[in-house]
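File shown here: input-v8.cif, holding mmCIF, C-alpha atoms and all ligand atoms.
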```
data_work
#
loop_
_atom_site.label_atom_id
_atom_site.label_comp_id
_atom_site.auth_asym_id
_atom_site.auth_seq_id
_atom_site.Cartn_x
_atom_site.Cartn_y
_atom_site.Cartn_z
CA MET L 1 167.93 -68.62 88.96
CA ASP L 2 164.90 -67.29 90.83
CA ILE L 3 161.87 -68.33 88.79
CA GLY L 4 159.78 -65.25 89.61
CA ALA L 5 162.54 -62.81 88.65
CA TRP L 6 163.34 -64.74 85.51
CA LEU L 7 159.66 -64.82 84.45
CA SER L 8 159.42 -61.05 85.06
CA SER L 9 162.40 -60.47 82.80
CA LEU L 10 160.47 -62.21 80.00
CA GLY L 11 157.26 -60.24 80.58
CA PHE L 12 155.51 -62.79 82.79
CA GLY L 13 155.66 -60.43 85.76
CA LEU L 14 151.96 -59.80 86.38
CA PRO L 15 150.26 -62.32 88.72
CA ALA L 16 148.10 -63.84 85.96
CA GLY L 17 151.05 -64.05 83.57
CA ALA L 18 153.32 -65.59 86.19
CA SER L 19 150.83 -68.29 87.08
CA ALA L 20 150.06 -69.08 83.42
CA ALA L 21 153.80 -69.37 82.78
CA ARG L 22 154.38 -71.57 85.85
CA ALA L 23 151.55 -73.86 84.74
CA VAL L 24 153.27 -74.32 81.36
CA LEU L 25 156.63 -75.07 82.99
CA GLU L 26 155.05 -77.52 85.40
CA ALA L 27 153.09 -79.26 82.64
CA GLN L 28 156.34 -79.78 80.76
CA GLY L 29 158.14 -81.08 83.82
CA LEU L 30 160.56 -78.14 83.86
CA THR L 31 159.61 -77.25 87.43
CA ARG L 32 157.30 -78.40 90.24
CA PRO L 33 154.67 -76.49 92.22
CA GLY L 34 156.25 -74.48 95.02
CA LYS L 35 159.76 -74.58 93.56
CA GLN L 36 161.49 -71.21 93.63
CA ARG L 37 164.55 -71.80 91.50
CA LEU L 38 165.28 -73.07 88.02
CA SER L 39 168.68 -74.39 86.95
CA THR L 40 170.38 -72.27 84.31
CA GLU L 41 170.72 -75.15 81.87
CA LYS L 42 166.91 -75.36 81.73
CA LEU L 43 166.39 -71.66 80.98
CA HIS L 44 166.67 -71.88 77.24
CA ARG L 45 164.26 -74.81 76.98
CA ALA L 46 161.88 -73.16 79.43
CA GLN L 47 161.85 -69.91 77.46
CA SER L 48 161.08 -71.71 74.19
CA ALA L 49 158.29 -73.63 75.91
CA LEU L 50 156.71 -70.40 77.16
CA LEU L 51 156.91 -68.60 73.82
CA GLU L 52 155.49 -71.67 72.15
CA ALA L 53 152.58 -72.01 74.58
CA LEU L 54 151.50 -68.43 75.35
CA CYS L 55 151.08 -65.17 73.45
CA LEU L 56 152.32 -62.07 75.26
CA HIS L 57 150.68 -58.74 74.45
CA CYS L 58 150.92 -55.10 75.56
CA PRO L 59 147.85 -53.06 76.67
CA SER L 60 147.07 -51.76 73.16
CA PRO L 61 143.62 -53.06 72.08
CA GLU L 62 144.96 -54.12 68.67
CA CYS L 63 147.76 -56.13 70.25
CA GLU L 64 145.31 -57.75 72.67
CA ALA L 65 143.03 -58.70 69.74
CA PHE L 66 146.06 -60.08 67.90
CA ALA L 67 146.98 -62.24 70.91
CA LYS L 68 143.39 -63.49 71.31
CA ALA L 69 143.36 -64.52 67.65
CA SER L 70 146.75 -66.25 67.91
CA GLY L 71 145.29 -69.59 68.99
CA LYS L 72 147.39 -69.47 72.19
CA PRO L 73 146.22 -68.21 75.56
CA PRO L 74 146.81 -64.43 75.55
CA VAL L 75 148.89 -63.11 78.43
CA ARG L 76 149.14 -59.43 79.30
CA SER L 77 152.86 -58.69 79.45
CA SER L 78 154.53 -56.80 82.26
CA LEU L 79 157.07 -55.50 79.71
CA LYS L 80 155.88 -53.66 76.62
CA THR L 81 158.99 -54.68 74.71
CA THR L 82 157.95 -58.34 74.80
CA CYS L 83 154.60 -57.72 73.07
CA ARG L 84 154.46 -60.29 70.28
CA ARG L 85 152.80 -57.87 67.88
CA CYS L 86 154.49 -54.50 68.39
CA GLY L 87 157.54 -55.09 70.58
CA GLY L 88 156.57 -51.96 72.51
CA SER L 89 157.54 -49.64 69.67
CA ASP L 90 155.04 -47.00 68.53
CA ASN L 91 156.58 -47.01 65.09
CA ARG L 92 156.48 -50.75 64.77
CA ARG L 93 152.88 -50.81 65.97
CA ALA L 94 152.02 -48.09 63.45
CA GLU L 95 153.71 -50.08 60.69
CA THR L 96 151.77 -53.23 61.60
CA GLU L 97 148.47 -51.33 61.67
CA PHE L 98 149.28 -49.69 58.36
CA LEU L 99 150.14 -53.05 56.75
CA GLU L 100 146.91 -54.55 58.08
CA ALA L 101 144.88 -51.62 56.71
CA CYS L 102 146.59 -51.89 53.31
CA GLN L 103 145.85 -55.60 53.21
CA ARG L 104 142.16 -55.06 54.03
CA ALA L 105 141.93 -52.37 51.35
CA GLY L 106 143.80 -54.47 48.78
CA ALA L 107 146.44 -51.74 48.50
CA ARG L 108 150.00 -52.76 47.61
CA LYS L 109 151.64 -49.73 46.01
CA VAL L 110 152.45 -46.82 48.25
CA VAL L 111 154.24 -43.58 47.42
CA ILE L 112 155.74 -41.59 50.28
CA VAL L 113 156.76 -38.03 49.46
CA GLY L 114 159.07 -36.23 51.91
CA GLY L 115 160.72 -37.24 55.18
CA SER L 116 164.41 -37.39 55.93
CA PRO L 117 166.67 -39.98 54.27
CA ALA L 118 167.07 -41.80 57.61
CA VAL L 119 163.33 -42.06 58.16
CA ARG L 120 162.72 -43.15 54.58
CA GLU L 121 165.25 -45.93 55.20
CA GLU L 122 163.46 -46.92 58.38
CA LEU L 123 160.14 -47.14 56.51
CA GLU L 124 161.80 -49.14 53.77
CA ARG L 125 163.04 -51.63 56.37
CA GLY L 126 159.67 -51.86 58.12
CA LEU L 127 157.37 -51.97 55.10
CA GLY L 128 159.57 -52.75 52.12
CA GLY L 129 159.18 -56.52 52.04
CA LYS L 130 155.40 -56.37 52.30
CA LEU L 131 154.48 -53.42 50.08
CA GLU L 132 155.81 -51.90 46.90
CA LEU L 133 157.20 -48.57 48.00
CA ARG L 134 158.24 -45.53 46.06
CA MET L 135 160.10 -43.07 48.25
CA ILE L 136 160.28 -39.55 46.85
CA ASP L 137 162.91 -37.12 48.08
CA GLY L 138 160.91 -33.98 48.85
CA THR L 139 163.90 -31.73 48.28
CA GLU L 140 164.56 -32.78 44.70
CA ARG L 141 162.70 -31.48 41.71
CA ARG L 142 160.07 -33.89 40.41
CA THR L 143 158.65 -33.21 36.98
CA ALA L 144 154.89 -33.09 36.47
CA ASP L 145 155.09 -36.20 34.27
CA ARG L 146 156.91 -38.26 36.89
CA ALA L 147 154.56 -37.10 39.63
CA ARG L 148 151.61 -38.01 37.42
CA ALA L 149 153.13 -41.47 36.82
CA ASP L 150 153.53 -41.89 40.61
CA LEU L 151 149.89 -40.96 41.14
CA GLU L 152 148.70 -43.39 38.49
CA TRP L 153 150.87 -46.21 39.79
CA ALA L 154 150.01 -45.81 43.47
CA ASP L 155 147.14 -47.13 45.57
CA LEU L 156 148.02 -44.50 48.15
CA VAL L 157 150.21 -41.37 48.17
CA LEU L 158 151.37 -40.09 51.55
CA LEU L 159 152.46 -36.45 51.38
CA TRP L 160 154.54 -35.86 54.45
CA GLY L 161 154.30 -32.17 55.23
CA GLY L 162 156.25 -30.63 58.09
CA THR L 163 159.30 -32.64 56.98
CA GLU L 164 161.87 -32.14 54.22
CA LEU L 165 159.23 -31.46 51.62
CA HIS L 166 159.44 -28.50 49.29
CA HIS L 167 156.27 -26.78 48.27
CA LYS L 168 157.08 -27.24 44.58
CA VAL L 169 157.33 -31.01 45.05
CA SER L 170 154.24 -31.39 47.18
CA MET L 171 152.24 -29.23 44.72
CA GLN L 172 152.85 -31.81 41.99
CA TYR L 173 150.79 -34.24 44.05
CA SER L 174 148.33 -32.03 45.92
CA SER L 175 147.20 -30.35 42.71
CA ALA L 176 146.33 -33.68 41.06
CA PRO L 177 143.00 -33.91 39.22
CA PRO L 178 140.10 -35.41 41.21
CA GLU L 179 140.38 -38.88 39.61
CA LEU L 180 143.87 -39.17 41.16
CA LYS L 181 143.61 -36.77 44.09
CA TRP L 182 141.53 -39.17 46.18
CA LYS L 183 144.63 -41.32 46.60
CA VAL L 184 146.57 -38.47 48.20
CA VAL L 185 146.76 -38.06 51.96
CA HIS L 186 148.42 -34.90 53.24
CA GLU L 187 149.75 -35.37 56.76
CA THR L 188 151.64 -32.71 58.67
CA LYS L 189 152.56 -34.66 61.80
CA ARG L 190 156.27 -35.20 61.94
CA GLY L 191 156.50 -38.73 63.28
CA VAL L 192 156.34 -42.01 61.38
CA ALA L 193 153.46 -43.18 63.58
CA GLY L 194 151.41 -40.06 62.72
CA LEU L 195 152.04 -40.43 59.00
CA LEU L 196 151.05 -44.09 58.92
CA ALA L 197 147.99 -43.47 61.12
CA ALA L 198 146.80 -40.94 58.52
CA GLY L 199 147.06 -43.68 55.90
CA VAL L 200 145.05 -46.07 58.08
CA GLU L 201 142.40 -43.36 58.57
CA HIS L 202 142.22 -42.81 54.80
CA PHE L 203 141.39 -46.47 54.20
CA ARG L 204 138.88 -46.49 57.04
CA ARG L 205 136.93 -43.59 55.51
CA ARG L 206 136.95 -44.95 52.00
ZN ZN L 301 151.74 -54.33 71.44
#
```
In structure tokens, write the structure found in this file.
Ligand SMILES: [Zn+2]
Amino acid sequence: MDIGAWLSSLGFGLPAGASAARAVLEAQGLTRPGKQRLSTEKLHRAQSALLEALCLHCPSPECEAFAKASGKPPVRSSLKTTCRRCGGSDNRRAETEFLEACQRAGARKVVIVGGSPAVREELERGLGGKLELRMIDGTERRTADRARADLEWADLVLLWGGTELHHKVSMQYSSAPPELKWKVVHETKRGVAGLLAAGVEHFRRR
């Protein structure tokens, strides 16, 4: 296996990343300076050694900061998908930023009103283990009492306009009295990343 091509396939394709990776492999006796090829039986061990020794990150400033704080030398990846923090996915990055913002704000209970069933499932997968989530179907009637209970329970209510959200449902939340209304963020961007960014912005302003 050609070492350079193999390193590129892992994200060590930029000159600085390639030389940092080679230095790790040489230090562990997996290759020698000037060698061009690596035997396939060493690949698995070599990959573990690299992931253990270095922290790959994409160009996003948050991911770079994450890598710098990792305790391992940060390496700018040539492949966004190998970023240790976000895996190159806007949604995953948005989820991580949202979780970090919730943690800083001491928020654990989040109500999300609206969105399609598939997207609600995706959010459940991404956030469910780390936050208490209440997903409200925006197409089903919600009584004033239940909406009030959601508002009292929640640290944050994300009203996801521009999605499957009926006016009658969203009104139950947007017309909350001031002592509860401050928890409500009304976002009309369609994407998951936009919704979660609005939540991050809410905590930043608080
Ligand atoms: Zn990243």
Counting all atoms listed in the file, which residues of chain L sit at most 6 Å from some atom of ligand ZN 301 (chain L), and what is each one's closest atom pair with its distance in Å to one decimal, listed by chain and rising residue number, as JSON lines?
```
{"residue": "L:His57", "atom": "CA", "partner": "L:ZN301", "partner_atom": "ZN", "distance": 5.4}
{"residue": "L:Cys58", "atom": "CA", "partner": "L:ZN301", "partner_atom": "ZN", "distance": 4.3}
{"residue": "L:Ser60", "atom": "CA", "partner": "L:ZN301", "partner_atom": "ZN", "distance": 5.6}
{"residue": "L:Cys63", "atom": "CA", "partner": "L:ZN301", "partner_atom": "ZN", "distance": 4.5}
{"residue": "L:Cys83", "atom": "CA", "partner": "L:ZN301", "partner_atom": "ZN", "distance": 4.7}
{"residue": "L:Arg85", "atom": "CA", "partner": "L:ZN301", "partner_atom": "ZN", "distance": 5.1}
{"residue": "L:Cys86", "atom": "CA", "partner": "L:ZN301", "partner_atom": "ZN", "distance": 4.1}
{"residue": "L:Gly87", "atom": "CA", "partner": "L:ZN301", "partner_atom": "ZN", "distance": 5.9}
{"residue": "L:Gly88", "atom": "CA", "partner": "L:ZN301", "partner_atom": "ZN", "distance": 5.5}
```
Padding 6 Å on every side, please: axis-aligned box over the listed atoms of range 111-125 of chain L, centre and edge lengths to one decimal in Å, as AutoDock Vina command-line options.
```
--center_x 160.7 --center_y -43.9 --center_z 52.9 --size_x 24.8 --size_y 27.4 --size_z 23.0
```
Quiz item: Hey, can you check how far CA of Val185 in chain L sits from CA of Leu158 in chain L?
Solution: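 One can read the CA of Val185 in chain L to CA of Leu158 in chain L distance as 5.1 Å.
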Exercise. Grab the CA of Ala53 in chain L to CA of Ala23 in chain L distance for me, in Å with one decimal place.
Key: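 Interatomic distance here is 10.4 Å.
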Quiz item: How many Å lie between CA of Glu52 in chain L and CA of Pro74 in chain L, rounded to one decimal?
Solution: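 Value for the CA of Glu52 in chain L-CA of Pro74 in chain L distance: 11.8 Å.
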Practice problem: Considering all atoms listed in the file, return as a VMD selection string whatever protein or nucleic-acid residues lie within 7 Å of range 126-138 of chain L, sequence-local ones (same chain, fewer than 3 positions apart) excluded. | Solution: chain L and resid 95 108 to 114 120 122 to 123 164 to 166 169
Quiz item: Which protein, DNA or RNA residues are at most 12 Å from (150.0, -55.5, 80.0) in the file's coordinates when you count all atoms listed in the file, listed as a list of chain:residue names?
Solution: L:Gly11, L:Phe12, L:Gly13, L:Leu14, L:Pro15, L:Ala16, L:Gly17, L:Cys55, L:Leu56, L:His57, L:Cys58, L:Pro59, L:Ser60, L:Pro61, L:Cys63, L:Glu64, L:Ala67, L:Pro74, L:Val75, L:Arg76, L:Ser77, L:Ser78, L:Leu79, L:Lys80, L:Thr81, L:Thr82, L:Cys83, L:Arg84, L:Gly88
Quiz item: Which is closer to Leu196 in chain L than all the others in L:Glu179, L:Asp2, L:Glu26, L:Asp90, using only C-alpha atoms?
Solution: L:Asp90
Self-check item: Selected residue of minimal separation from Glu187 in chain L among L:Thr139, L:Thr163, L:Ser116, L:Gln172, counting only C-alpha atoms
Solution: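 Smallest distance to Glu187 in chain L is found for L:Thr163.
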Quiz prompt | Closest of L:Leu43, L:Leu99, L:Met171, L:Ala49 to Thr143 in chain L - atom-to-atom distances counting only C-alpha atoms | solution =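 Checking each of L:Leu43, L:Leu99, L:Met171, L:Ala49 against Thr143 in chain L, counting only C-alpha atoms, the winner is L:Met171.
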Self-check item: Selected residue, from L:Gly29, L:Gly71, L:Pro178, L:Gly191, that lies nearest to Ala94 in chain L when counting all atoms listed in the file
Solution: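 Among the listed residues, L:Gly191 lies closest to Ala94 in chain L.
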Self-check item: Among the residues L:Ala147, L:Cys102, L:Ala27, L:Val200, the one that comes closest to Ala46 in chain L [using all atoms listed in the file]
Solution: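 Among L:Ala147, L:Cys102, L:Ala27, L:Val200, it is L:Ala27 that comes nearest to Ala46 in chain L.
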Quiz item: Which is closer to His44 in chain L than all the others in L:Trp6, L:Arg141, L:Ala65, L:Leu195, using only C-alpha atoms?
Solution: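 The answer is L:Trp6, which sits nearest to His44 in chain L.
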Starting from the incomplete input, reconstruct N, CA and C atoms of range 29-45 of chain L and report them as a tab-separated table (two decimals), keeping the file's coordinate frame.
```
chain	number	residue	atom	x	y	z
L	29	GLY	N	157.18	-80.46	82.92
L	29	GLY	CA	158.14	-81.08	83.82
L	29	GLY	C	159.41	-80.26	84.02
L	30	LEU	N	159.36	-78.97	83.70
L	30	LEU	CA	160.56	-78.14	83.86
L	30	LEU	C	160.68	-77.58	85.28
L	31	THR	N	159.56	-77.61	86.01
L	31	THR	CA	159.61	-77.25	87.43
L	31	THR	C	158.44	-77.94	88.13
L	32	ARG	N	158.40	-77.81	89.47
L	32	ARG	CA	157.30	-78.40	90.24
L	32	ARG	C	156.63	-77.31	91.07
L	33	PRO	N	155.35	-77.51	91.43
L	33	PRO	CA	154.67	-76.49	92.22
L	33	PRO	C	155.47	-76.16	93.48
L	34	GLY	N	155.56	-74.89	93.80
L	34	GLY	CA	156.25	-74.48	95.02
L	34	GLY	C	157.74	-74.29	94.86
L	35	LYS	N	158.31	-74.76	93.76
L	35	LYS	CA	159.76	-74.58	93.56
L	35	LYS	C	160.08	-73.12	93.25
L	36	GLN	N	161.15	-72.61	93.81
L	36	GLN	CA	161.49	-71.21	93.63
L	36	GLN	C	162.60	-70.97	92.61
L	37	ARG	N	163.38	-72.01	92.36
L	37	ARG	CA	164.55	-71.80	91.50
L	37	ARG	C	164.55	-72.75	90.31
L	38	LEU	N	165.19	-72.27	89.24
L	38	LEU	CA	165.28	-73.07	88.02
L	38	LEU	C	166.75	-73.12	87.62
L	39	SER	N	167.25	-74.30	87.28
L	39	SER	CA	168.68	-74.39	86.95
L	39	SER	C	168.93	-73.70	85.60
L	40	THR	N	170.09	-73.07	85.49
L	40	THR	CA	170.38	-72.27	84.31
L	40	THR	C	170.37	-73.10	83.03
L	41	GLU	N	170.70	-74.38	83.13
L	41	GLU	CA	170.72	-75.15	81.87
L	41	GLU	C	169.30	-75.39	81.33
L	42	LYS	N	168.29	-75.18	82.19
L	42	LYS	CA	166.91	-75.36	81.73
L	42	LYS	C	166.32	-74.08	81.14
L	43	LEU	N	167.00	-72.95	81.33
L	43	LEU	CA	166.39	-71.66	80.98
L	43	LEU	C	166.00	-71.57	79.51
L	44	HIS	N	166.91	-72.02	78.67
L	44	HIS	CA	166.67	-71.88	77.24
L	44	HIS	C	165.44	-72.68	76.82
L	45	ARG	N	165.38	-73.93	77.30
L	45	ARG	CA	164.26	-74.81	76.98
L	45	ARG	C	162.96	-74.23	77.56
```
